[in-house]
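Take a look at the structure below.
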Amino acid sequence: MTVLSIQHSPYLLTFAIQKMRQPRTDAFQKPVPLEQHLDYVKSIFHPMDLCTLAKNAKNKMYGRTAAFLAKAK
């Protein structure tokens, strides 16, 4: 797997995130409101959503492709 440069990765990762935004993925678009779903953190140890992935990509939080993929899984 090719490592993305930190300079180009936000644009490429944003493109990948847009491809992940498919019909029927509404539950993964935004963070789960924990005040409405109190048991969520008992089942989901590392929550992630597409909005947070996009924000992290924009802020260059993923220096490597593998880091992005680990969060996206």
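Residue numbering restarts at 1 for every chain of the structure tokens, chains are lettered A, B, ... in their displayed order, and ligands are numbered from 1 as they appear.
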
* Asked: What's the 12 Å shell around Leu34 in chain A, counting only C-alpha atoms, without same-chain residues fewer than 6 positions away, as a list of chain:residue names?
  ->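 So the residues in contact are A:Tyr40, A:Val41, A:Lys42, A:Ile44, A:Pro47.
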
* To do: Just the residues within 12 Å of range 22-32 of chain A, please, counting only C-alpha atoms, with nothing from its chain fewer than 3 positions along; format it as a PyMOL selection string.
  => chain A and resi 16-19+35-41+44+46-55+72-73

Dump of C-alpha atoms for the selected residues, as an mmCIF file, in the first residue's frame:
```
data_model
loop_
_atom_site.group_PDB
_atom_site.id
_atom_site.type_symbol
_atom_site.label_atom_id
_atom_site.label_comp_id
_atom_site.auth_asym_id
_atom_site.auth_seq_id
_atom_site.Cartn_x
_atom_site.Cartn_y
_atom_site.Cartn_z
ATOM 1 C CA ALA A 16 -12.753 8.463 -0.120
ATOM 2 C CA ILE A 17 -15.161 9.654 2.580
ATOM 3 C CA GLN A 18 -17.526 11.048 -0.055
ATOM 4 C CA LYS A 19 -17.540 7.608 -1.706
ATOM 5 C CA GLU A 35 -27.233 11.209 26.022
ATOM 6 C CA GLN A 36 -29.911 9.426 23.971
ATOM 7 C CA HIS A 37 -28.110 6.062 23.786
ATOM 8 C CA LEU A 38 -26.612 5.453 27.207
ATOM 9 C CA ASP A 39 -25.596 1.834 26.556
ATOM 10 C CA TYR A 40 -23.780 2.664 23.313
ATOM 11 C CA VAL A 41 -20.339 2.982 24.927
ATOM 12 C CA ILE A 44 -18.861 0.250 20.910
ATOM 13 C CA HIS A 46 -13.964 3.065 19.528
ATOM 14 C CA PRO A 47 -16.881 4.972 17.944
ATOM 15 C CA MET A 48 -16.309 6.643 14.587
ATOM 16 C CA ASP A 49 -18.515 8.354 12.027
ATOM 17 C CA LEU A 50 -18.039 9.904 8.600
ATOM 18 C CA CYS A 51 -18.323 13.475 9.892
ATOM 19 C CA THR A 52 -15.491 12.894 12.371
ATOM 20 C CA LEU A 53 -13.399 11.118 9.720
ATOM 21 C CA ALA A 54 -13.831 14.117 7.400
ATOM 22 C CA LYS A 55 -12.936 16.609 10.140
ATOM 23 C CA ALA A 72 -12.600 3.845 8.965
ATOM 24 C CA LYS A 73 -13.035 0.149 9.791
#
```

* Using only C-alpha atoms, find the one residue out of A:Gly63, A:Pro33, A:Lys58, A:Ala70 that sits nearest to Pro10 in chain A. => A:Lys58

* Based on DSSP run over this structure's backbone, return all residues of chain A in helix (DSSP H, G or I), as number ranges by chain. => A: 9-20, 26-28, 40-43, 50-58, 65-72

Those residues with N, CA and C atoms, as a CSV table (one decimal), in the first residue's frame please?
```csv
chain,number,residue,atom,x,y,z
A,9,SER,N,-2.9,14.1,1.5
A,9,SER,CA,-3.9,13.1,2.1
A,9,SER,C,-5.2,13.7,2.4
A,10,PRO,N,-5.4,15.0,2.9
A,10,PRO,CA,-6.7,15.5,3.2
A,10,PRO,C,-7.6,15.5,2.0
A,11,TYR,N,-7.1,15.8,0.8
A,11,TYR,CA,-8.0,15.8,-0.4
A,11,TYR,C,-8.4,14.4,-0.8
A,12,LEU,N,-7.4,13.5,-0.8
A,12,LEU,CA,-7.7,12.1,-1.2
A,12,LEU,C,-8.6,11.4,-0.2
A,13,LEU,N,-8.4,11.7,1.1
A,13,LEU,CA,-9.2,11.1,2.1
A,13,LEU,C,-10.6,11.6,2.1
A,14,THR,N,-10.8,12.9,1.8
A,14,THR,CA,-12.1,13.5,1.6
A,14,THR,C,-12.8,12.9,0.5
A,15,PHE,N,-12.1,12.6,-0.6
A,15,PHE,CA,-12.7,11.9,-1.7
A,15,PHE,C,-13.2,10.5,-1.3
A,16,ALA,N,-12.4,9.8,-0.6
A,16,ALA,CA,-12.8,8.5,-0.1
A,16,ALA,C,-14.0,8.5,0.8
A,17,ILE,N,-14.0,9.5,1.7
A,17,ILE,CA,-15.2,9.7,2.6
A,17,ILE,C,-16.4,9.9,1.8
A,18,GLN,N,-16.3,10.8,0.8
A,18,GLN,CA,-17.5,11.0,-0.1
A,18,GLN,C,-18.0,9.8,-0.7
A,19,LYS,N,-17.1,8.9,-1.1
A,19,LYS,CA,-17.5,7.6,-1.7
A,19,LYS,C,-18.2,6.7,-0.7
A,20,MET,N,-17.9,6.9,0.6
A,20,MET,CA,-18.5,6.1,1.7
A,20,MET,C,-19.9,6.5,2.0
A,26,ASP,N,-27.1,6.4,7.0
A,26,ASP,CA,-27.4,7.5,7.8
A,26,ASP,C,-26.9,7.4,9.2
A,27,ALA,N,-26.9,6.1,9.8
A,27,ALA,CA,-26.4,5.9,11.1
A,27,ALA,C,-25.0,6.2,11.3
A,28,PHE,N,-24.2,6.3,10.2
A,28,PHE,CA,-22.8,6.5,10.3
A,28,PHE,C,-22.4,7.9,9.9
A,40,TYR,N,-24.6,2.7,24.5
A,40,TYR,CA,-23.8,2.7,23.3
A,40,TYR,C,-22.3,2.4,23.6
A,41,VAL,N,-21.8,3.1,24.6
A,41,VAL,CA,-20.3,3.0,24.9
A,41,VAL,C,-20.0,1.6,25.6
A,42,LYS,N,-21.0,0.9,26.0
A,42,LYS,CA,-20.8,-0.4,26.6
A,42,LYS,C,-20.5,-1.4,25.5
A,43,SER,N,-21.0,-1.1,24.3
A,43,SER,CA,-20.9,-2.1,23.1
A,43,SER,C,-19.9,-1.6,22.1
A,50,LEU,N,-18.6,9.3,9.8
A,50,LEU,CA,-18.0,9.9,8.6
A,50,LEU,C,-17.8,11.4,8.8
A,51,CYS,N,-18.6,12.1,9.6
A,51,CYS,CA,-18.3,13.5,9.9
A,51,CYS,C,-17.0,13.7,10.6
A,52,THR,N,-16.7,12.8,11.6
A,52,THR,CA,-15.5,12.9,12.4
A,52,THR,C,-14.3,12.5,11.5
A,53,LEU,N,-14.5,11.5,10.7
A,53,LEU,CA,-13.4,11.1,9.7
A,53,LEU,C,-13.0,12.3,8.8
A,54,ALA,N,-14.1,13.0,8.3
A,54,ALA,CA,-13.8,14.1,7.4
A,54,ALA,C,-13.1,15.3,8.1
A,55,LYS,N,-13.6,15.5,9.4
A,55,LYS,CA,-12.9,16.6,10.1
A,55,LYS,C,-11.5,16.3,10.4
A,56,ASN,N,-11.2,15.0,10.8
A,56,ASN,CA,-9.8,14.6,11.1
A,56,ASN,C,-9.0,14.7,9.8
A,57,ALA,N,-9.5,14.3,8.7
A,57,ALA,CA,-8.8,14.4,7.4
A,57,ALA,C,-8.4,15.8,7.1
A,58,LYS,N,-9.4,16.7,7.3
A,58,LYS,CA,-9.2,18.1,7.0
A,58,LYS,C,-8.1,18.7,7.9
A,65,THR,N,-1.9,6.3,5.3
A,65,THR,CA,-3.1,5.6,4.9
A,65,THR,C,-3.6,4.6,5.9
A,66,ALA,N,-2.7,3.9,6.5
A,66,ALA,CA,-3.1,2.9,7.4
A,66,ALA,C,-3.8,3.4,8.6
A,67,ALA,N,-3.4,4.6,9.1
A,67,ALA,CA,-4.1,5.3,10.2
A,67,ALA,C,-5.5,5.6,9.8
A,68,PHE,N,-5.8,6.1,8.6
A,68,PHE,CA,-7.1,6.4,8.2
A,68,PHE,C,-7.9,5.1,8.1
A,69,LEU,N,-7.4,4.1,7.5
A,69,LEU,CA,-8.1,2.8,7.3
A,69,LEU,C,-8.4,2.2,8.7
A,70,ALA,N,-7.6,2.3,9.6
A,70,ALA,CA,-7.8,1.8,10.9
A,70,ALA,C,-9.0,2.4,11.6
A,71,LYS,N,-9.2,3.7,11.4
A,71,LYS,CA,-10.3,4.5,12.0
A,71,LYS,C,-11.6,4.2,11.1
A,72,ALA,N,-11.4,4.0,9.8
A,72,ALA,CA,-12.6,3.8,9.0
A,72,ALA,C,-13.2,2.5,9.1
```
